[in-house]
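Okay, structure first, notes after.
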Protein chains: 2
Amino acid sequence: MTAHEGRVGRRRASSRAMLEEAACELFLEQTYAGTTIEQITQRAGVSRNTFFNYFAAKSDVLWSGVDDSVETLARELSNLPRGAHVMLGVRDALLATATQLTPGAIPLAITQWETMGVAEELQSSGLARFLRLASVLERHVAAAQLGSPARVPAQPAAFAVIAAAASAAGAWARAGIGRDPLVDYVAAAITPVCSGFEQVLGSASR
Amino acid sequence: MTAHEGRVGRRRASSRAMLEEAACELFLEQTYAGTTIEQITQRAGVSRNTFFNYFAAKSDVLWSGVDDSVETLARELSNLPRGAHVMLGVRDALLATATQLTPGAIPLAITQWETMGVAEELQSSGLARFLRLASVLERHVAAAQLGSPARVPAQPAAFAVIAAAASAAGAWARAGIGRDPLVDYVAAAITPVCSGFEQVLGSASR
DNA sequence: TGCATTATTGTACTGAGACCAATAATAGCC
DNA sequence: GGCTATTATTGGTCTCAGTACAATAATGCA
């Protein structure tokens, strides 16, 4: 019927969005830890196994927005002008990514922090996403310095910047409605990190 | 018999160290994911439940060194002179902590990175430790600026510094034997972060 | 000797996640 | 219309981590 043009095989009867919606309701009613995958699939009207056709793990439901932002970040990084200050470019790319994170696309894990009793699970499932973003950044920083001898250590810089951004996202979430836009929080958090690493470069080249 | 002075109740027949040792052997033989808790306790000669008297989770075995370093870091931070540059003090405390991490005390997760097939599990269990260290740091940075209006954002700074240090620890681990001491790696990684946040302070106060 | 305290063990259970085989729906082809 | 390759969904079964709780064993002390 829809979105099945040219594709062969059985039509999908469900979708990530369906499952996310069902899961979100239940998380708000019962907390994250208190709801089972079976309950999610029951509410969505599919079998338990179908869940694993769409998510590799229960915790993935909380993070589907982040995976998209990985691609956004990669795109922003590749659009940066060559040769300019590496870390300042990184900062711009990250801020652009944060701006593009419209409220609707912000992961459940962040927006529903308090209500869903998710803090525990965040600690065990969040690092994977963290590392995915960081590794995109790391590759960029390393590549941008290919010609010249690398002076900004790529992985530490990437880790530090992403960690600061994550902290900002958390603070933004806890600030509740009526807060400033996310990008302002992110900017304040990552600017010192970027300029710190930028100066490593500056002090060595001068 | 030993270390039971003044204590009442049954003597411990096992210990964290016993279980860690058994676990380490098995991880090297079979990888982390390939060994069950039951196998660990069998080799240690205790029952499966005893494992949970000493560790809250399987992954805790990989990280027992880090928990100690949390205390070391807290101690080093509290020994810092008052009023000096916050982030430079933080750097000193972290480097002191890294120095105190003798090879024997360095967590399995880091030293046995390749051999034990642990990278997967690190991603899901590592963030909890990361956050524990970061929150110690965060409290210190916030407290050190109590009188004056806080200019270094405590949590972003703490997250960024710890992330950089973690990256350094990983790089150190992957460098294998014959590498420089851990503290050198950590110093190179965290110095830009600390000076970046320190300058936020400097530029505002001048 | 009995009592409070602490360590260890046994049993049973829930739930995540993996694996695999069976079935259902669909498009294209004859 | 029937056949076939392809893809989605489902059911069944299994392992293992982690929890809960009760029973038992060892110890110091009154």
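Scheme for the structure tokens: letters A, B, ... for chains in order shown; per-chain residue numbers from 1; ligand numbers from 1 in order shown.
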
Practice item. Check every residue of chain B for an atom within 6 Å of chain D, counting only C-alpha atoms (C1' of nucleotides), and provide those that qualify as a list in words. Key: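 Per the criterion, chain B yields Val8, Gly9 and Arg10 of chain B.
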
May I have the residues from that selection written out with C-alpha atoms, as a PDB file, in the first residue's frame?
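Writing done, so here's again01.pdb:
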ATOM      1  CA  VAL B   8      30.966 -10.891  65.393  1.00  0.00           C
ATOM      2  CA  GLY B   9      29.417 -13.522  63.189  1.00  0.00           C
ATOM      3  CA  ARG B  10      30.676 -16.136  60.797  1.00  0.00           C
TER       4      ARG B  10
END

**Study point:** Test item: residues at most 9 Å from C:DA16, only C-alpha atoms (C1' of nucleotides), excluding those fewer than 4 positions along its chain, as a ChimeraX atom specification
**Key:** /A:37,57-58 /D:17

For the selection just defined, write its residues with N, CA and C atoms (P, O5', C5', C4', C3', O3' and C1' of nucleotides) to a file, as a CSV table (one decimal), in the first residue's frame.
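Listing of part.csv after writing:
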chain,number,residue,atom,x,y,z
A,37,ILE,N,9.2,-6.2,27.9
A,37,ILE,CA,9.1,-6.1,26.5
A,37,ILE,C,7.8,-6.7,26.1
A,57,ALA,N,17.7,-4.0,21.6
A,57,ALA,CA,17.6,-4.2,23.0
A,57,ALA,C,16.5,-3.3,23.5
A,58,LYS,N,16.0,-3.6,24.7
A,58,LYS,CA,15.0,-2.8,25.3
A,58,LYS,C,15.4,-1.3,25.4
D,17,DA,P,25.6,-15.3,33.4
D,17,DA,O5',25.1,-13.9,33.9
D,17,DA,C5',24.7,-12.9,32.9
D,17,DA,C4',23.7,-12.0,33.5
D,17,DA,C3',24.0,-11.4,34.9
D,17,DA,O3',23.7,-10.1,34.9
D,17,DA,C1',21.8,-12.5,34.8

Check your understanding: Skipping near chain neighbours, those fewer than 3 positions away, what residues fall within 6 Å of stretch 133-140 of chain A using only C-alpha atoms (C1' of nucleotides), listed as a ChimeraX atom specification?
Key -> /A:70,130,143-144,154-155,158-159

Dump of N, CA and C atoms for the selected residues, as a PDB file, in the first residue's frame:
ATOM      1  N   VAL A  70      23.664  11.146  15.118  1.00  0.00           N
ATOM      2  CA  VAL A  70      24.999  10.719  14.695  1.00  0.00           C
ATOM      3  C   VAL A  70      25.204  11.067  13.228  1.00  0.00           C
ATOM      4  N   PHE A 130      27.093   7.446  23.346  1.00  0.00           N
ATOM      5  CA  PHE A 130      28.176   8.386  23.602  1.00  0.00           C
ATOM      6  C   PHE A 130      29.382   8.048  22.721  1.00  0.00           C
ATOM      7  N   ALA A 143      41.416  13.216  10.864  1.00  0.00           N
ATOM      8  CA  ALA A 143      41.530  13.444   9.427  1.00  0.00           C
ATOM      9  C   ALA A 143      41.904  14.884   9.118  1.00  0.00           C
ATOM     10  N   ALA A 144      41.362  15.799   9.897  1.00  0.00           N
ATOM     11  CA  ALA A 144      41.603  17.212   9.622  1.00  0.00           C
ATOM     12  C   ALA A 144      43.059  17.595   9.844  1.00  0.00           C
ATOM     13  N   ALA A 154      43.215  13.338  19.079  1.00  0.00           N
ATOM     14  CA  ALA A 154      41.862  13.220  18.533  1.00  0.00           C
ATOM     15  C   ALA A 154      40.886  12.580  19.510  1.00  0.00           C
ATOM     16  N   GLN A 155      41.241  11.448  20.054  1.00  0.00           N
ATOM     17  CA  GLN A 155      40.248  10.768  20.880  1.00  0.00           C
ATOM     18  C   GLN A 155      39.942  11.491  22.187  1.00  0.00           C
ATOM     19  N   ALA A 158      37.715  14.372  21.346  1.00  0.00           N
ATOM     20  CA  ALA A 158      36.362  13.948  20.991  1.00  0.00           C
ATOM     21  C   ALA A 158      35.582  13.519  22.227  1.00  0.00           C
ATOM     22  N   PHE A 159      36.212  12.703  23.052  1.00  0.00           N
ATOM     23  CA  PHE A 159      35.536  12.250  24.270  1.00  0.00           C
ATOM     24  C   PHE A 159      35.127  13.436  25.134  1.00  0.00           C
TER      25      PHE A 159
END

Exercise for review: Taking the DSSP assignment computed from this structure's backbone, write out as a ChimeraX atom specification all residues of stretch 35-87 of chain A that belong to helix (DSSP H, G or I).
Suggested key: /A:37-44,48-54,58-78,86-87

Store the residues picked out above in a file with C-alpha atoms, as a compact mmCIF listing (two decimals), in the first residue's frame.
# COMPACT_ATOMS: atom_id res chain seq x y z
CA ILE A 37 9.08 -6.12 26.49
CA GLU A 38 6.08 -8.41 26.40
CA GLN A 39 3.85 -5.65 27.73
CA ILE A 40 5.12 -3.26 25.08
CA THR A 41 4.41 -5.66 22.27
CA GLN A 42 1.02 -6.58 23.69
CA ARG A 43 -0.02 -2.96 23.70
CA ALA A 44 1.28 -2.55 20.18
CA ARG A 48 7.26 -10.32 21.55
CA ASN A 49 9.72 -11.39 18.88
CA THR A 50 8.64 -8.59 16.60
CA PHE A 51 10.14 -6.16 19.06
CA PHE A 52 13.55 -7.52 18.25
CA ASN A 53 12.96 -6.97 14.56
CA TYR A 54 13.00 -3.25 15.28
CA LYS A 58 14.98 -2.75 25.32
CA SER A 59 17.15 0.25 26.04
CA ASP A 60 17.32 1.15 22.35
CA VAL A 61 13.79 2.50 22.59
CA LEU A 62 15.10 5.27 24.78
CA TRP A 63 17.72 6.35 22.32
CA SER A 64 16.30 6.26 18.83
CA GLY A 65 16.77 10.00 18.42
CA VAL A 66 20.46 9.88 19.14
CA ASP A 67 21.17 7.51 16.31
CA ASP A 68 19.80 10.06 13.89
CA SER A 69 21.92 12.80 15.37
CA VAL A 70 25.00 10.72 14.70
CA GLU A 71 24.30 11.11 11.02
CA THR A 72 23.55 14.80 11.37
CA LEU A 73 26.84 15.35 13.13
CA ALA A 74 28.75 13.46 10.47
CA ARG A 75 27.13 15.56 7.78
CA GLU A 76 27.86 18.82 9.55
CA LEU A 77 31.47 17.84 10.05
CA SER A 78 31.95 17.00 6.40
CA VAL A 86 39.85 22.21 13.87
CA MET A 87 38.20 22.48 17.23

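Residues in contact range of A:Pro192, defined as at most 8 Å between only C-alpha atoms (C1' of nucleotides), with sequence neighbours fewer than 6 positions away removed, read Val193, Gly196, Phe197, Gln199 and Val200 of chain B.
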
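Closest approach to C:DT9 among B:Leu26, B:Leu101, B:Ser14, B:Ser47: B:Ser47, based on only C-alpha atoms (C1' of nucleotides).
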
Practice item. Return as a list in words the residues belonging to chain C that are within 10 Å of chain A, counting only C-alpha atoms (C1' of nucleotides). Key: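 Taking only C-alpha atoms (C1' of nucleotides) into account, DG15, DA16, DG17, DA24, DA25, DT26, DA27 and DG28 of chain C sit within 10 Å of chain A.
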
Which residues of chain B come within 8 Å of chain A, and what is each one's closest atom pair and distance in Å (one decimal), counting only C-alpha atoms, sorted by chain and residue number, as a tab-separated table?
residue	atom	partner	partner_atom	distance
B:Gln123	CA	A:Ala128	CA	5.2
B:Ser124	CA	A:Ser124	CA	4.6
B:Ser125	CA	A:Ser124	CA	5.2
B:Gly126	CA	A:Leu127	CA	7.2
B:Leu127	CA	A:Gln123	CA	5.4
B:Ala128	CA	A:Gln123	CA	5.2
B:Leu131	CA	A:Gln123	CA	7.9
B:Pro153	CA	A:Ala189	CA	7.1
B:Gln155	CA	A:Ser167	CA	6.4
B:Pro156	CA	A:Ala164	CA	4.4
B:Ala157	CA	A:Ala164	CA	6.7
B:Phe159	CA	A:Ala163	CA	5.3
B:Ala160	CA	A:Ala160	CA	4.0
B:Val161	CA	A:Ala160	CA	6.3
B:Ile162	CA	A:Ala160	CA	7.6
B:Ala163	CA	A:Ala160	CA	5.1
B:Ala164	CA	A:Pro156	CA	4.4
B:Ala165	CA	A:Pro156	CA	7.3
B:Ser167	CA	A:Pro156	CA	5.3
B:Ala168	CA	A:Pro156	CA	6.6
B:Ala189	CA	A:Pro156	CA	5.5
B:Ile190	CA	A:Pro156	CA	7.8
B:Pro192	CA	A:Gly196	CA	4.7
B:Val193	CA	A:Val193	CA	5.3
B:Cys194	CA	A:Gly196	CA	7.5
B:Ser195	CA	A:Gly196	CA	5.9
B:Gly196	CA	A:Gly196	CA	3.6
B:Phe197	CA	A:Pro192	CA	5.1
B:Gln199	CA	A:Pro192	CA	7.6
B:Val200	CA	A:Pro192	CA	6.6

List the spatial neighbours of B:Cys24 as a PDB file with C-alpha atoms, in the first residue's frame - criterion: any atom at most 10 Å away, only C-alpha atoms (C1' of nucleotides), same-chain residues fewer than 3 positions off excluded.
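The file below, selection-v2.pdb, is the result:
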ATOM      1  CA  MET B  18      39.471 -14.899  45.194  1.00  0.00           C
ATOM      2  CA  LEU B  19      36.570 -14.370  42.866  1.00  0.00           C
ATOM      3  CA  GLU B  20      38.422 -11.829  40.777  1.00  0.00           C
ATOM      4  CA  GLU B  21      41.270 -14.233  40.301  1.00  0.00           C
ATOM      5  CA  PHE B  27      37.930 -14.505  31.021  1.00  0.00           C
ATOM      6  CA  LEU B  28      41.321 -15.102  29.474  1.00  0.00           C
ATOM      7  CA  GLU B  29      40.428 -18.670  28.552  1.00  0.00           C
ATOM      8  CA  GLN B  30      36.889 -18.088  27.319  1.00  0.00           C
ATOM      9  CA  THR B  31      36.372 -14.338  27.005  1.00  0.00           C
ATOM     10  CA  TYR B  32      34.147 -12.319  29.256  1.00  0.00           C
ATOM     11  CA  ILE B  40      33.448 -18.384  38.196  1.00  0.00           C
ATOM     12  CA  VAL B  61      34.512  -7.753  38.452  1.00  0.00           C
ATOM     13  CA  LEU B  62      36.032  -5.786  35.609  1.00  0.00           C
ATOM     14  CA  LEU B 108      40.946  -5.833  34.421  1.00  0.00           C
ATOM     15  CA  GLN B 112      42.945  -7.070  29.423  1.00  0.00           C
ATOM     16  CA  MET B 116      39.128 -10.893  27.140  1.00  0.00           C
TER      17      MET B 116
END

Review point. For the atom pair atom CA of B:Arg132 and atom CA of A:Ala173, what is the interatomic distance in Å to one decimal place?
Key: 19.9 Å

Exercise for review: Please indicate the distance in Å from atom CA of B:Asp184 to atom CA of B:Ala84, rounded to one decimal place.
Suggested key: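 Between these atoms lies a distance of 23.3 Å.
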